[in-house]
>>> print(open('protein-v2.csv').read())   # CSV, C-alpha atoms
chain,number,residue,atom,x,y,z
G,1,ASP,CA,11.4,-13.7,13.2
G,2,ARG,CA,11.9,-16.5,15.7
G,3,SER,CA,12.7,-19.0,13.0
G,4,ARG,CA,15.1,-16.5,11.4
G,5,ARG,CA,17.0,-16.1,14.6
G,6,LYS,CA,17.4,-19.9,14.6
G,7,GLY,CA,18.7,-20.0,11.0
G,8,GLY,CA,15.3,-20.3,9.2
G,9,ASP,CA,14.8,-19.2,5.6
G,10,ARG,CA,12.1,-16.6,4.9
G,11,ARG,CA,12.1,-17.7,1.2
G,12,VAL,CA,11.0,-21.2,2.2
G,13,GLN,CA,8.3,-19.8,4.5
G,14,THR,CA,7.0,-17.5,1.8
G,15,ALA,CA,6.9,-20.4,-0.7
G,16,ILE,CA,4.9,-22.5,1.7
G,17,ILE,CA,2.4,-19.7,2.3
G,18,LEU,CA,2.0,-19.0,-1.4
G,19,ALA,CA,1.4,-22.7,-2.0
G,20,ILE,CA,-1.5,-22.5,0.5
G,21,ASP,CA,-2.8,-19.4,-1.3
G,22,THR,CA,-2.6,-21.1,-4.7
G,23,ILE,CA,-4.7,-24.1,-3.4
G,24,ALA,CA,-7.2,-21.7,-1.8
G,25,LEU,CA,-7.6,-19.9,-5.1
G,26,ILE,CA,-8.2,-23.1,-7.0
G,27,VAL,CA,-10.8,-24.1,-4.5
G,28,MET,CA,-12.5,-20.8,-4.9
G,29,ALA,CA,-12.8,-21.5,-8.6
G,30,GLN,CA,-14.5,-24.8,-8.0
G,31,VAL,CA,-16.8,-24.4,-5.0
G,32,SER,CA,-20.5,-23.9,-5.5
G,33,THR,CA,-21.6,-23.0,-2.0
G,34,ILE,CA,-21.4,-19.7,0.0
G,35,VAL,CA,-19.8,-21.5,3.0
G,36,GLY,CA,-17.2,-23.1,0.8
G,37,LEU,CA,-16.5,-19.9,-1.0
G,38,THR,CA,-16.2,-17.9,2.2
G,39,GLY,CA,-13.8,-20.4,3.8
G,40,ALA,CA,-11.6,-20.4,0.7
G,41,VAL,CA,-11.6,-16.5,0.5
G,42,VAL,CA,-10.6,-16.3,4.2
G,43,VAL,CA,-7.7,-18.8,3.7
G,44,ALA,CA,-6.6,-17.1,0.5
G,45,THR,CA,-6.7,-13.6,2.2
G,46,VAL,CA,-4.8,-14.7,5.3
G,47,ALA,CA,-2.2,-16.5,3.2
G,48,LEU,CA,-1.8,-13.4,0.9
G,49,MET,CA,-1.3,-11.0,3.8
G,50,SER,CA,1.0,-13.4,5.7
G,51,GLY,CA,3.1,-14.1,2.6
G,52,SER,CA,3.5,-10.4,1.9
G,53,THR,CA,4.6,-9.7,5.5
G,54,VAL,CA,7.3,-12.5,5.4
G,55,TYR,CA,8.4,-11.7,1.9
G,56,GLN,CA,8.9,-8.0,2.4
G,57,VAL,CA,11.4,-8.6,5.2
G,58,LEU,CA,13.8,-10.2,2.7
G,59,LEU,CA,14.5,-6.8,1.3
G,60,PRO,CA,16.4,-5.3,4.3
G,61,GLU,CA,18.2,-8.6,4.8
G,62,ILE,CA,19.7,-8.9,1.3
G,63,VAL,CA,19.8,-5.2,0.1
G,64,PRO,CA,22.4,-2.8,1.4
G,65,ARG,CA,20.8,-0.1,3.5
G,66,LYS,CA,21.9,2.7,1.2
G,67,PHE,CA,19.7,1.2,-1.5
G,68,TRP,CA,16.6,0.6,0.6
G,69,GLY,CA,14.7,3.6,-1.0
G,70,ALA,CA,15.4,2.4,-4.6
G,71,ALA,CA,14.5,-1.2,-3.7
G,72,ALA,CA,11.3,0.0,-2.0
G,73,GLY,CA,10.5,2.0,-5.2
G,74,PHE,CA,10.9,-1.0,-7.5
G,75,ARG,CA,8.9,-3.1,-5.0
G,76,GLY,CA,6.1,-0.5,-5.0
G,77,ALA,CA,6.2,-0.2,-8.8
G,78,MET,CA,5.9,-4.0,-9.3
G,79,THR,CA,3.1,-4.2,-6.7
G,80,LEU,CA,1.2,-1.6,-8.7
G,81,VAL,CA,1.9,-3.4,-12.0
G,82,GLY,CA,0.5,-6.6,-10.4
G,83,THR,CA,-2.6,-4.7,-9.3
G,84,ILE,CA,-3.1,-3.4,-12.8
G,85,VAL,CA,-2.7,-6.9,-14.3
G,86,GLY,CA,-5.0,-8.3,-11.7
G,87,LEU,CA,-7.7,-5.8,-12.5
G,88,LEU,CA,-7.4,-6.5,-16.2
G,89,ILE,CA,-7.7,-10.2,-15.6
G,90,ALA,CA,-10.8,-9.7,-13.4
G,91,ALA,CA,-12.4,-7.5,-16.0
G,92,LEU,CA,-11.7,-9.5,-19.1
G,93,LEU,CA,-12.1,-13.1,-17.9
G,94,PRO,CA,-15.1,-15.0,-16.4
G,95,ALA,CA,-14.8,-15.4,-12.6
G,96,ARG,CA,-13.7,-19.0,-12.6
G,97,GLU,CA,-11.1,-18.6,-15.3
G,98,ALA,CA,-9.8,-15.4,-13.6
G,99,LEU,CA,-9.3,-17.2,-10.3
G,100,LEU,CA,-7.4,-20.0,-12.0
G,101,VAL,CA,-5.2,-17.5,-13.8
G,102,ASP,CA,-4.7,-15.8,-10.5
G,103,ALA,CA,-3.6,-19.1,-8.9
G,104,ALA,CA,-1.1,-19.7,-11.7
G,105,GLY,CA,0.3,-16.3,-11.2
G,106,VAL,CA,0.8,-16.9,-7.4
G,107,ALA,CA,2.5,-20.2,-8.2
G,108,LEU,CA,4.7,-18.5,-10.7
G,109,SER,CA,5.6,-15.8,-8.2
G,110,ALA,CA,6.6,-18.6,-5.7
G,111,ALA,CA,8.9,-20.0,-8.3
G,112,THR,CA,10.8,-16.7,-8.6
G,113,LEU,CA,11.9,-17.2,-5.0
G,114,PHE,CA,14.5,-19.6,-6.4
G,115,PHE,CA,16.2,-16.5,-7.9
G,116,VAL,CA,16.2,-14.5,-4.6
G,117,PRO,CA,19.7,-14.8,-2.9
G,118,PRO,CA,19.7,-16.3,0.6
G,119,SER,CA,19.9,-14.0,3.6
G,120,PRO,CA,23.2,-13.8,5.3
G,121,PRO,CA,23.6,-15.6,8.7
G,122,TYR,CA,21.5,-13.8,11.3
G,123,VAL,CA,23.4,-11.3,13.4
G,124,ALA,CA,21.5,-9.2,16.0
G,125,GLU,CA,21.5,-5.6,14.9
G,126,VAL,CA,20.2,-2.6,16.9
G,127,ARG,CA,19.8,0.5,14.8
G,128,GLU,CA,22.3,3.3,15.5
G,129,ARG,CA,20.8,5.9,17.9
G,130,ALA,CA,17.6,3.8,18.3
G,131,ARG,CA,16.5,2.0,21.4
G,132,VAL,CA,14.6,-1.3,21.2
G,133,ARG,CA,11.8,0.1,23.3
G,134,ASP,CA,11.6,3.3,21.4
G,135,ARG,CA,9.2,2.9,18.5
G,136,TRP,CA,8.1,6.5,18.2
G,137,ASP,CA,9.1,6.8,14.6
G,138,LEU,CA,7.4,3.6,13.6
G,139,PHE,CA,4.2,4.9,15.4
G,140,VAL,CA,4.4,8.2,13.6
G,141,THR,CA,4.8,6.5,10.1
G,142,MET,CA,1.8,4.3,11.0
G,143,ILE,CA,-0.4,7.3,11.8
G,144,GLY,CA,0.7,9.0,8.6
G,145,ARG,CA,-0.1,5.9,6.6
G,146,ALA,CA,-3.5,5.5,8.3
G,147,TRP,CA,-4.5,9.0,7.2
G,148,ILE,CA,-3.5,8.2,3.6
G,149,VAL,CA,-5.4,4.9,3.7
G,150,LEU,CA,-8.5,6.7,5.0
G,151,GLY,CA,-8.4,9.1,2.1
G,152,MET,CA,-7.7,6.3,-0.4
G,153,THR,CA,-10.6,4.2,0.8
G,154,LEU,CA,-13.0,7.2,0.6
G,155,LEU,CA,-12.0,7.7,-3.0
G,156,ASN,CA,-12.0,4.0,-4.0
G,157,THR,CA,-15.4,3.3,-2.4
G,158,TYR,CA,-17.4,6.2,-3.9
G,159,VAL,CA,-15.7,7.3,-7.1
G,160,LEU,CA,-17.8,4.9,-9.2
G,161,PHE,CA,-21.0,6.3,-7.7
G,162,PHE,CA,-19.7,9.9,-8.2
G,163,PHE,CA,-19.3,9.1,-11.9
G,164,ASN,CA,-22.8,7.7,-12.1
G,165,ASP,CA,-24.8,10.0,-9.7
G,166,VAL,CA,-23.1,13.4,-10.2
G,167,LEU,CA,-21.3,13.4,-13.6
G,168,GLY,CA,-24.0,11.2,-15.2
G,169,ILE,CA,-21.4,9.3,-17.3
G,170,ARG,CA,-22.7,6.3,-19.1
G,171,ASN,CA,-20.8,3.1,-18.5
G,172,ALA,CA,-19.5,4.5,-15.3
G,173,SER,CA,-17.6,1.2,-14.5
G,174,PHE,CA,-15.5,1.5,-17.7
G,175,ASN,CA,-14.7,5.1,-17.1
G,176,THR,CA,-13.8,4.5,-13.5
G,177,GLY,CA,-11.4,1.8,-14.8
G,178,LEU,CA,-9.8,4.3,-17.2
G,179,VAL,CA,-9.4,6.9,-14.4
G,180,ALA,CA,-7.8,4.2,-12.1
G,181,GLY,CA,-5.6,3.2,-15.0
G,182,ALA,CA,-4.4,6.8,-15.5
G,183,ALA,CA,-3.6,7.0,-11.8
G,184,MET,CA,-1.8,3.7,-11.7
G,185,VAL,CA,0.5,4.6,-14.7
G,186,GLY,CA,1.5,7.8,-12.9
G,187,ALA,CA,2.1,5.8,-9.7
G,188,VAL,CA,4.3,3.2,-11.3
G,189,ALA,CA,6.6,5.9,-12.7
G,190,SER,CA,6.8,8.0,-9.6
G,191,SER,CA,7.3,5.0,-7.3
G,192,VAL,CA,10.7,4.2,-8.8
G,193,ALA,CA,11.8,7.8,-9.2
G,194,ALA,CA,10.8,8.8,-5.6
G,195,GLY,CA,12.4,5.6,-4.2
G,196,VAL,CA,15.8,6.4,-5.8
G,197,LEU,CA,15.5,10.0,-4.8
G,198,SER,CA,14.8,9.1,-1.2
G,199,ASP,CA,18.2,7.4,-0.9
G,200,LYS,CA,19.8,10.8,-1.5
G,201,LEU,CA,17.4,13.1,0.3
G,202,ASP,CA,15.5,13.2,3.6
G,203,ARG,CA,12.8,10.5,3.2
G,204,ARG,CA,10.4,12.5,5.3
G,205,LEU,CA,10.4,15.3,2.8
G,206,VAL,CA,10.0,12.9,-0.2
G,207,VAL,CA,6.9,11.4,1.5
G,208,CYS,CA,5.5,14.7,2.5
G,209,LEU,CA,6.0,16.3,-1.0
G,210,SER,CA,4.6,13.2,-2.6
G,211,GLY,CA,1.4,13.6,-0.6
G,212,LEU,CA,0.8,17.1,-1.8
G,213,PRO,CA,-0.3,16.1,-5.4
G,214,MET,CA,-2.7,13.7,-3.9
G,215,THR,CA,-4.2,16.5,-1.9
G,216,VAL,CA,-4.5,18.8,-4.9
G,217,ALA,CA,-6.1,16.0,-7.0
G,218,ALA,CA,-8.7,15.2,-4.3
G,219,LEU,CA,-9.6,18.9,-4.0
G,220,GLY,CA,-9.8,19.1,-7.8
G,221,PHE,CA,-12.4,16.3,-7.8
G,222,ALA,CA,-14.3,18.4,-5.2
G,223,LEU,CA,-14.0,21.8,-6.8
G,224,VAL,CA,-13.9,21.0,-10.6
G,225,PRO,CA,-16.2,17.9,-11.1
G,226,ASN,CA,-15.7,18.0,-14.8
G,227,PRO,CA,-15.2,14.7,-16.8
G,228,HIS,CA,-12.8,16.5,-19.2
G,229,VAL,CA,-10.3,17.2,-16.5
G,230,ILE,CA,-10.8,14.1,-14.2
G,231,PHE,CA,-8.0,12.3,-16.0
G,232,ILE,CA,-5.6,15.1,-15.3
G,233,PHE,CA,-6.4,14.9,-11.6
G,234,ALA,CA,-6.1,11.1,-11.7
G,235,ALA,CA,-2.6,11.3,-13.2
G,236,LEU,CA,-1.6,13.9,-10.7
G,237,PHE,CA,-3.0,11.7,-7.9
G,238,GLY,CA,-1.0,8.7,-9.2
G,239,LEU,CA,2.3,10.7,-9.3
G,240,GLY,CA,1.9,11.4,-5.6
G,241,TYR,CA,0.6,8.0,-4.6
G,242,GLY,CA,3.6,6.2,-6.1
G,243,GLY,CA,6.0,8.1,-3.9
G,244,VAL,CA,3.9,7.8,-0.7
G,245,PHE,CA,3.3,4.1,-1.3
G,246,SER,CA,7.0,3.2,-1.8
G,247,VAL,CA,9.0,5.7,0.2
G,248,GLY,CA,6.5,5.6,3.1
G,249,TRP,CA,7.3,1.9,3.4
G,250,ALA,CA,11.1,2.6,3.3
G,251,LEU,CA,10.6,5.2,6.0
G,252,ALA,CA,8.8,2.7,8.2
G,253,LEU,CA,11.6,0.2,7.5
G,254,ASP,CA,14.1,2.9,8.8
G,255,ALA,CA,12.0,3.3,11.9
G,256,VAL,CA,12.2,-0.4,13.0
G,257,PRO,CA,14.7,-0.3,15.9
G,258,GLU,CA,15.8,-4.0,15.7
G,259,LEU,CA,16.0,-6.2,12.7
G,260,GLY,CA,15.3,-9.3,14.7
G,261,ASP,CA,11.7,-8.1,15.2
G,262,VAL,CA,11.3,-6.5,11.7
G,263,ALA,CA,8.6,-8.9,10.4
G,264,ARG,CA,6.6,-8.5,13.6
G,265,ASP,CA,6.9,-4.7,13.6
G,266,LEU,CA,6.1,-4.3,9.9
G,267,GLY,CA,3.2,-6.8,10.2
G,268,LEU,CA,1.7,-4.7,13.0
G,269,TRP,CA,2.4,-1.5,11.1
G,270,GLY,CA,0.7,-2.7,8.0
G,271,THR,CA,-2.3,-4.1,9.9
G,272,LEU,CA,-3.0,-1.1,12.1
G,273,SER,CA,-2.3,1.5,9.4
G,274,ASN,CA,-4.8,-0.2,7.1
G,275,SER,CA,-7.5,-0.3,9.8
G,276,PRO,CA,-9.2,2.9,8.5
G,277,MET,CA,-10.4,0.8,5.6
G,278,VAL,CA,-13.0,-0.6,8.0
G,279,ILE,CA,-14.6,2.7,8.9
G,280,ALA,CA,-14.0,4.7,5.8
G,281,PRO,CA,-17.1,3.4,3.8
G,282,ALA,CA,-19.5,4.2,6.7
G,283,LEU,CA,-17.8,7.6,7.2
G,284,GLY,CA,-18.2,8.4,3.5
G,285,ALA,CA,-21.9,7.5,3.5
G,286,VAL,CA,-22.5,9.9,6.4
G,287,ILE,CA,-20.6,12.7,4.7
G,288,ILE,CA,-22.5,12.3,1.4
G,289,ALA,CA,-25.9,12.0,3.2
G,290,HIS,CA,-25.4,15.3,5.0
G,291,GLY,CA,-24.9,17.3,1.8
G,292,SER,CA,-27.9,19.4,0.7
G,293,THR,CA,-27.5,17.8,-2.8
G,294,PRO,CA,-25.6,14.6,-3.9
G,295,ALA,CA,-23.1,16.9,-5.7
G,296,GLU,CA,-22.4,18.8,-2.5
G,297,GLY,CA,-22.2,15.6,-0.5
G,298,TYR,CA,-19.5,14.3,-2.9
G,299,ARG,CA,-17.7,17.6,-2.8
G,300,TRP,CA,-17.4,17.3,1.0
G,301,LEU,CA,-16.3,13.6,0.6
G,302,PHE,CA,-13.5,14.6,-1.7
G,303,ALA,CA,-12.5,17.5,0.5
G,304,THR,CA,-12.3,15.2,3.4
G,305,ALA,CA,-10.1,12.8,1.4
G,306,GLY,CA,-7.9,15.7,0.5
G,307,ALA,CA,-7.6,16.8,4.2
G,308,ALA,CA,-6.7,13.2,5.1
G,309,PHE,CA,-3.9,13.2,2.4
G,310,LEU,CA,-2.6,16.5,3.7
G,311,LEU,CA,-2.6,15.3,7.4
G,312,GLY,CA,-0.8,12.1,6.4
G,313,SER,CA,1.8,14.0,4.4
G,314,LEU,CA,2.5,16.4,7.3
G,315,THR,CA,2.5,13.7,10.0
G,316,VAL,CA,5.7,12.0,8.7
G,317,LEU,CA,7.6,15.3,9.4
G,318,ALA,CA,7.4,14.3,13.1
G,319,VAL,CA,9.7,11.3,12.5
G,320,ARG,CA,12.9,12.0,14.4
G,321,ASN,CA,15.3,9.8,12.5
G,322,ALA,CA,15.2,9.9,8.7
G,323,ASN,CA,17.4,7.5,6.7
G,324,GLY,CA,18.8,6.2,10.0
G,325,LYS,CA,20.2,9.7,10.9
G,326,PRO,CA,19.2,12.1,13.6
G,327,ALA,CA,16.7,14.7,12.3
>>> encode(input="protein-v2.csv", output="C-alpha cells")
Amino acid sequence: DRSRRKGGDRRVQTAIILAIDTIALIVMAQVSTIVGLTGAVVVATVALMSGSTVYQVLLPEIVPRKFWGAAAGFRGAMTLVGTIVGLLIAALLPAREALLVDAAGVALSAATLFFVPPSPPYVAEVRERARVRDRWDLFVTMIGRAWIVLGMTLLNTYVLFFFNDVLGIRNASFNTGLVAGAAMVGAVASSVAAGVLSDKLDRRLVVCLSGLPMTVAALGFALVPNPHVIFIFAALFGLGYGGVFSVGWALALDAVPELGDVARDLGLWGTLSNSPMVIAPALGAVIIAHGSTPAEGYRWLFATAGAAFLLGSLTVLAVRNANGKPA
C-alpha cells in the first residue's frame, strides 16, 4: 500500500513474490532433510499468501466498481479450477515431479502478469458514506467468513475418516476425491453466476442465500449418511460454496473504507477469518469422541458444520452498506 501511494506497481511486486515461491518449490523437490524441507515449505507458504494478498488488490484498481461482483466470481472460479488441477497433479504424479510441475505453474502464472493492464495513477479515495475509522462492515464480513471456514475445516478434516469408519467404503481416499470433485464442479459454476448476480442485487442476500445449500448439505451428511446420495449433497454444497467464496470476497471489498489501505485491510481480513482452521481439527476430535458411537459422533460433527454455515450466512446480513449503498 505504501509503495502504491508512491507510484509502485503491484504487478512487479507480485512477480517478485511468485519468483521466490517458484524457487522455494524447486528447493522442496530437491532437499533430502526435514530441516531443509520445513524451511522451503515455510518460504513457499509465506510467498504464496503474500503474493495472493498483493495480487487480489489489482482487481479493484483496474476493474470498474459496478463489475466487482462479476470479477470476483471469475476470480473465485479460476481459484477453484486451480485447486482442482493442483489436487490432480498431487494425486497422479510422484511428489518430486508434482512439486516441479507446481513450480512451473507458478512461474507461468507470473508471466501472465504481463497481460494485466497497469493500475491508473494513485488517487486517494474514501468510500462514499464510509469513515476511515469505521470498519464495522469489514469486521462483520470477517466474522461471517470465519464461521464458514470453521465449518469447511471440520468437513475437510474428517470426511475421509467418515467414509472409512462409518460408511465402510473401500478405497476411501479415491471416493473422497470424487466427492470433492463433485463439490468443486458445482462451485466453479455457481461462483461466476453468483458473482454476476451480485452486481445487480444486494450482495448480502446473495451471500446469505448461497450459504443455505451448504447448511442443507452438511445436515444431509448428518441425517442421511448414505453413499448413494453423498454425491448429491456434495454437488449441493459446491453450488453454495461457489457463491460464498466469490461474493463474500466482493462484499469484503465493498467494506474497505479507503483504497489506500485495501491490501492491508484485506490481508488482515483473510488472516483473521481463516484462523478457525487452527482450532477446527481439535474441536472436531472432541465432538466425535463425545458421541456414544462413531456414527453419532460424526452426525454431531456434520450438524456443527451445518450450524457454522448457517451462522456465517446470517451474519453478513448485519453489514450496513451493501454494494457501497446504505442498507
>>> closest_residue(input="protein-v2.csv", among="G:Leu301, G:Val54, G:Met277, G:Met152", to="Ser3 (chain G)", atoms="all atoms listed in the file")
G:Val54
>>> residues_around(input="protein-v2.csv", residues="region 134-141 of chain G", least_positions_apart="2", cutoff="7 Å", atoms="all atoms listed in the file", output="list of chain:residue names")
G:Ala130, G:Arg131, G:Val132, G:Ile143, G:Gly144, G:Arg145, G:Ala252, G:Ala255, G:Val256, G:Pro257, G:Thr315, G:Val316, G:Ala318, G:Val319, G:Arg320
>>> write_last_selection(input="protein-v2.csv", atoms="C-alpha atoms", output="PDB file, in the coordinates of the input")
ATOM      1  CA  ALA G 130      17.600   3.800  18.300  1.00  0.00           C
ATOM      2  CA  ARG G 131      16.500   2.000  21.400  1.00  0.00           C
ATOM      3  CA  VAL G 132      14.600  -1.300  21.200  1.00  0.00           C
ATOM      4  CA  ILE G 143      -0.400   7.300  11.800  1.00  0.00           C
ATOM      5  CA  GLY G 144       0.700   9.000   8.600  1.00  0.00           C
ATOM      6  CA  ARG G 145      -0.100   5.900   6.600  1.00  0.00           C
ATOM      7  CA  ALA G 252       8.800   2.700   8.200  1.00  0.00           C
ATOM      8  CA  ALA G 255      12.000   3.300  11.900  1.00  0.00           C
ATOM      9  CA  VAL G 256      12.200  -0.400  13.000  1.00  0.00           C
ATOM     10  CA  PRO G 257      14.700  -0.300  15.900  1.00  0.00           C
ATOM     11  CA  THR G 315       2.500  13.700  10.000  1.00  0.00           C
ATOM     12  CA  VAL G 316       5.700  12.000   8.700  1.00  0.00           C
ATOM     13  CA  ALA G 318       7.400  14.300  13.100  1.00  0.00           C
ATOM     14  CA  VAL G 319       9.700  11.300  12.500  1.00  0.00           C
ATOM     15  CA  ARG G 320      12.900  12.000  14.400  1.00  0.00           C
TER      16      ARG G 320
END
>>> closest_residue(input="protein-v2.csv", among="G:Val244, G:Ile287, G:Val278, G:Val192", to="Leu310 (chain G)", atoms="all atoms listed in the file")
G:Val244
>>> closest_residue(input="protein-v2.csv", among="G:Ala218, G:Ile23, G:Leu80, G:Leu108", to="Leu154 (chain G)", atoms="only C-alpha atoms")
G:Ala218
>>> atom_distance(input="protein-v2.csv", atom1="CA of Trp269 (chain G)", atom2="CA of Met142 (chain G)")
5.8 Å
>>> closest_residue(input="protein-v2.csv", among="G:Leu311, G:Met214, G:Ala250, G:Ala289", to="Ala187 (chain G)", atoms="only C-alpha atoms")
G:Met214
>>> residues_near_point(input="protein-v2.csv", point="(14.9, -18.8, 5.3)", cutoff="10 Å", atoms="all atoms listed in the file", output="ChimeraX atom specification")
/G:3-14,54,58,118-121
>>> residues_around(input="protein-v2.csv", residues="Ala103 (chain G)", least_positions_apart="6", cutoff="10 Å", atoms="only C-alpha atoms", output="list in words")
Leu18, Ala19, Asp21, Thr22, Ile23, Ala24, Leu25, Ile26, Val27, Met28, Ala29, Glu97 and Ser109 of chain G
>>> atom_distance(input="protein-v2.csv", atom1="CA of Lys200 (chain G)", atom2="CA of Leu314 (chain G)")
20.2 Å
>>> residues_around(input="protein-v2.csv", residues="Arg75 (chain G)", least_positions_apart="6", cutoff="9 Å", atoms="all atoms listed in the file", output="list of chain:residue names")
G:Gln56, G:Ser191, G:Val192, G:Ser246
>>> closest_residue(input="protein-v2.csv", among="G:Arg2, G:Thr53, G:Ile20, G:Gly39", to="Ala263 (chain G)", atoms="only C-alpha atoms")
G:Thr53
>>> residues_around(input="protein-v2.csv", residues="Gly242 (chain G)", least_positions_apart="3", cutoff="12 Å", atoms="only C-alpha atoms", output="PyMOL selection string")
chain G and resi 72-81+183-195+206-207+209-211+213-214+235-239+245-249
>>> closest_residue(input="protein-v2.csv", among="G:Gly69, G:Ala222, G:Ile17, G:Leu99", to="Pro294 (chain G)", atoms="all atoms listed in the file")
G:Ala222
>>> atom_distance(input="protein-v2.csv", atom1="CA of Tyr241 (chain G)", atom2="CA of Phe221 (chain G)")
15.8 Å
